[in-house]
Amino acid sequence: MQLKNNSTSRPKLVSAWRLGGKLVCWALLLLLSFPAAAHPSQIQVARQFLLAVLRGDNNAAYKLLAPEVSKAVSKKQFREAVRPLYQQGRDFGQPIALYKLGIRLGEEATPRYFYAFSFKSDSLQDRPRVMLDVTFRDTAATRILSFGMIPAPQGKQKK
């Protein structure tokens, strides 16, 4: 018994297979071109926190606190604590920019990572009038350990 070679259906099958393979390759390339959802960096969390506070979204800001902070500070206490920051945002405008970052020695000489933001409306000043400060426990932390408002250091005034 001899099998007939049906050459007319083979090219269609091969070309359909190639087309399907190309579609799969394009789909994979498309999926790989989108960045994977990564954990936000400390600077992103600090900025997100401050922007939420400045626009009065205390619930969103409260969710970004470290667990030990949110256990120790009620939502009511938090609203009271962020009120001065919110007021500064109303006075100077909400746009902020990173002013400086670094390490401070905390209790028992433990390093604390901080990010200080200034209001963009202060950009024409020699120094910002106030800085919004956010502190993290360590380099891996993405929840806020402390926050506050720091009057910017003022240099000697020229006479």
# chains A, B, ... in the order shown; residues from 1 in each chain; ligands from 1
>>> residues_around(residues="Val73 of chain A", least_positions_apart="5", cutoff="12 Å", atoms="only C-alpha atoms", output="CSV table (one decimal) with C-alpha atoms, in the first residue's frame")
chain,number,residue,atom,x,y,z
A,62,TYR,CA,-2.4,56.6,56.8
A,63,LYS,CA,-2.2,53.3,54.9
A,65,LEU,CA,2.6,54.2,57.7
A,66,ALA,CA,4.7,51.4,59.2
A,67,PRO,CA,2.6,48.9,61.2
A,68,GLU,CA,4.1,49.9,64.5
A,78,PHE,CA,-2.9,61.2,62.6
A,79,ARG,CA,-5.3,63.8,61.2
A,80,GLU,CA,-4.2,66.2,63.9
A,81,ALA,CA,-0.5,65.5,63.2
A,82,VAL,CA,-0.8,66.1,59.4
A,145,LEU,CA,8.3,55.4,60.3
A,146,SER,CA,8.0,59.1,60.9
>>> residues_around(residues="Gly102 of chain A", least_positions_apart="6", cutoff="10 Å", atoms="only C-alpha atoms", output="ChimeraX atom specification")
/A:111-116,135
>>> closest_residue(among="A:Met149, A:Val53, A:Asp138, A:Asn58", to="Thr110 of chain A", atoms="only C-alpha atoms")
A:Asp138
>>> atom_distance(atom1="atom CA of Phe92 of chain A", atom2="atom CA of Phe119 of chain A")
6.6 Å
>>> atom_distance(atom1="atom CA of Ala97 of chain A", atom2="atom CA of Lys120 of chain A")
6.0 Å
>>> residues_around(residues="segment 54-56 of chain A", least_positions_apart="4", cutoff="10 Å", atoms="only C-alpha atoms", output="ChimeraX atom specification")
/A:48-50,60-61,79,82-90,93-96
>>> write_last_selection(atoms="N, CA and C atoms", output="PDB file, in the first residue's frame")
ATOM      1  N   GLN A  48       4.416  59.857  47.478  1.00  0.00           N
ATOM      2  CA  GLN A  48       3.001  59.464  47.470  1.00  0.00           C
ATOM      3  C   GLN A  48       2.341  59.852  48.791  1.00  0.00           C
ATOM      4  N   PHE A  49       3.023  59.601  49.896  1.00  0.00           N
ATOM      5  CA  PHE A  49       2.513  59.935  51.215  1.00  0.00           C
ATOM      6  C   PHE A  49       2.287  61.442  51.342  1.00  0.00           C
ATOM      7  N   LEU A  50       3.300  62.222  51.003  1.00  0.00           N
ATOM      8  CA  LEU A  50       3.199  63.674  51.156  1.00  0.00           C
ATOM      9  C   LEU A  50       2.132  64.265  50.242  1.00  0.00           C
ATOM     10  N   ALA A  60      -5.510  57.542  52.542  1.00  0.00           N
ATOM     11  CA  ALA A  60      -4.447  56.998  51.688  1.00  0.00           C
ATOM     12  C   ALA A  60      -3.086  57.166  52.355  1.00  0.00           C
ATOM     13  N   ALA A  61      -2.865  58.309  52.979  1.00  0.00           N
ATOM     14  CA  ALA A  61      -1.580  58.554  53.651  1.00  0.00           C
ATOM     15  C   ALA A  61      -1.408  57.624  54.849  1.00  0.00           C
ATOM     16  N   ARG A  79      -4.748  62.616  61.804  1.00  0.00           N
ATOM     17  CA  ARG A  79      -5.319  63.817  61.173  1.00  0.00           C
ATOM     18  C   ARG A  79      -4.798  65.085  61.839  1.00  0.00           C
ATOM     19  N   VAL A  82      -1.047  65.651  60.785  1.00  0.00           N
ATOM     20  CA  VAL A  82      -0.784  66.088  59.409  1.00  0.00           C
ATOM     21  C   VAL A  82      -1.411  67.435  59.076  1.00  0.00           C
ATOM     22  N   ARG A  83      -2.240  67.954  59.980  1.00  0.00           N
ATOM     23  CA  ARG A  83      -2.905  69.238  59.712  1.00  0.00           C
ATOM     24  C   ARG A  83      -1.909  70.361  59.380  1.00  0.00           C
ATOM     25  N   PRO A  84      -0.794  70.517  60.120  1.00  0.00           N
ATOM     26  CA  PRO A  84       0.158  71.583  59.761  1.00  0.00           C
ATOM     27  C   PRO A  84       0.773  71.392  58.366  1.00  0.00           C
ATOM     28  N   LEU A  85       1.023  70.152  57.973  1.00  0.00           N
ATOM     29  CA  LEU A  85       1.552  69.895  56.634  1.00  0.00           C
ATOM     30  C   LEU A  85       0.518  70.267  55.581  1.00  0.00           C
ATOM     31  N   TYR A  86      -0.721  69.881  55.824  1.00  0.00           N
ATOM     32  CA  TYR A  86      -1.807  70.197  54.905  1.00  0.00           C
ATOM     33  C   TYR A  86      -1.941  71.716  54.750  1.00  0.00           C
ATOM     34  N   GLN A  87      -1.854  72.434  55.867  1.00  0.00           N
ATOM     35  CA  GLN A  87      -1.964  73.894  55.828  1.00  0.00           C
ATOM     36  C   GLN A  87      -0.810  74.514  55.029  1.00  0.00           C
ATOM     37  N   GLN A  88       0.378  73.983  55.190  1.00  0.00           N
ATOM     38  CA  GLN A  88       1.517  74.477  54.406  1.00  0.00           C
ATOM     39  C   GLN A  88       1.260  74.262  52.914  1.00  0.00           C
ATOM     40  N   GLY A  89       0.663  73.138  52.582  1.00  0.00           N
ATOM     41  CA  GLY A  89       0.321  72.867  51.185  1.00  0.00           C
ATOM     42  C   GLY A  89      -0.686  73.865  50.648  1.00  0.00           C
ATOM     43  N   ARG A  90      -1.612  74.272  51.488  1.00  0.00           N
ATOM     44  CA  ARG A  90      -2.586  75.288  51.067  1.00  0.00           C
ATOM     45  C   ARG A  90      -1.902  76.642  50.890  1.00  0.00           C
ATOM     46  N   GLY A  93       1.147  75.795  47.923  1.00  0.00           N
ATOM     47  CA  GLY A  93       0.800  75.013  46.740  1.00  0.00           C
ATOM     48  C   GLY A  93       1.230  73.566  46.922  1.00  0.00           C
ATOM     49  N   GLN A  94       0.585  72.675  46.192  1.00  0.00           N
ATOM     50  CA  GLN A  94       0.850  71.250  46.388  1.00  0.00           C
ATOM     51  C   GLN A  94       2.074  70.707  45.676  1.00  0.00           C
ATOM     52  N   PRO A  95       2.523  71.268  44.580  1.00  0.00           N
ATOM     53  CA  PRO A  95       3.691  70.654  43.935  1.00  0.00           C
ATOM     54  C   PRO A  95       4.914  70.670  44.856  1.00  0.00           C
ATOM     55  N   ILE A  96       5.557  69.509  44.956  1.00  0.00           N
ATOM     56  CA  ILE A  96       6.750  69.384  45.789  1.00  0.00           C
ATOM     57  C   ILE A  96       7.874  68.776  44.964  1.00  0.00           C
TER      58      ILE A  96
END
>>> atom_distance(atom1="atom CA of Leu132 of chain A", atom2="atom CA of Ser118 of chain A")
6.3 Å
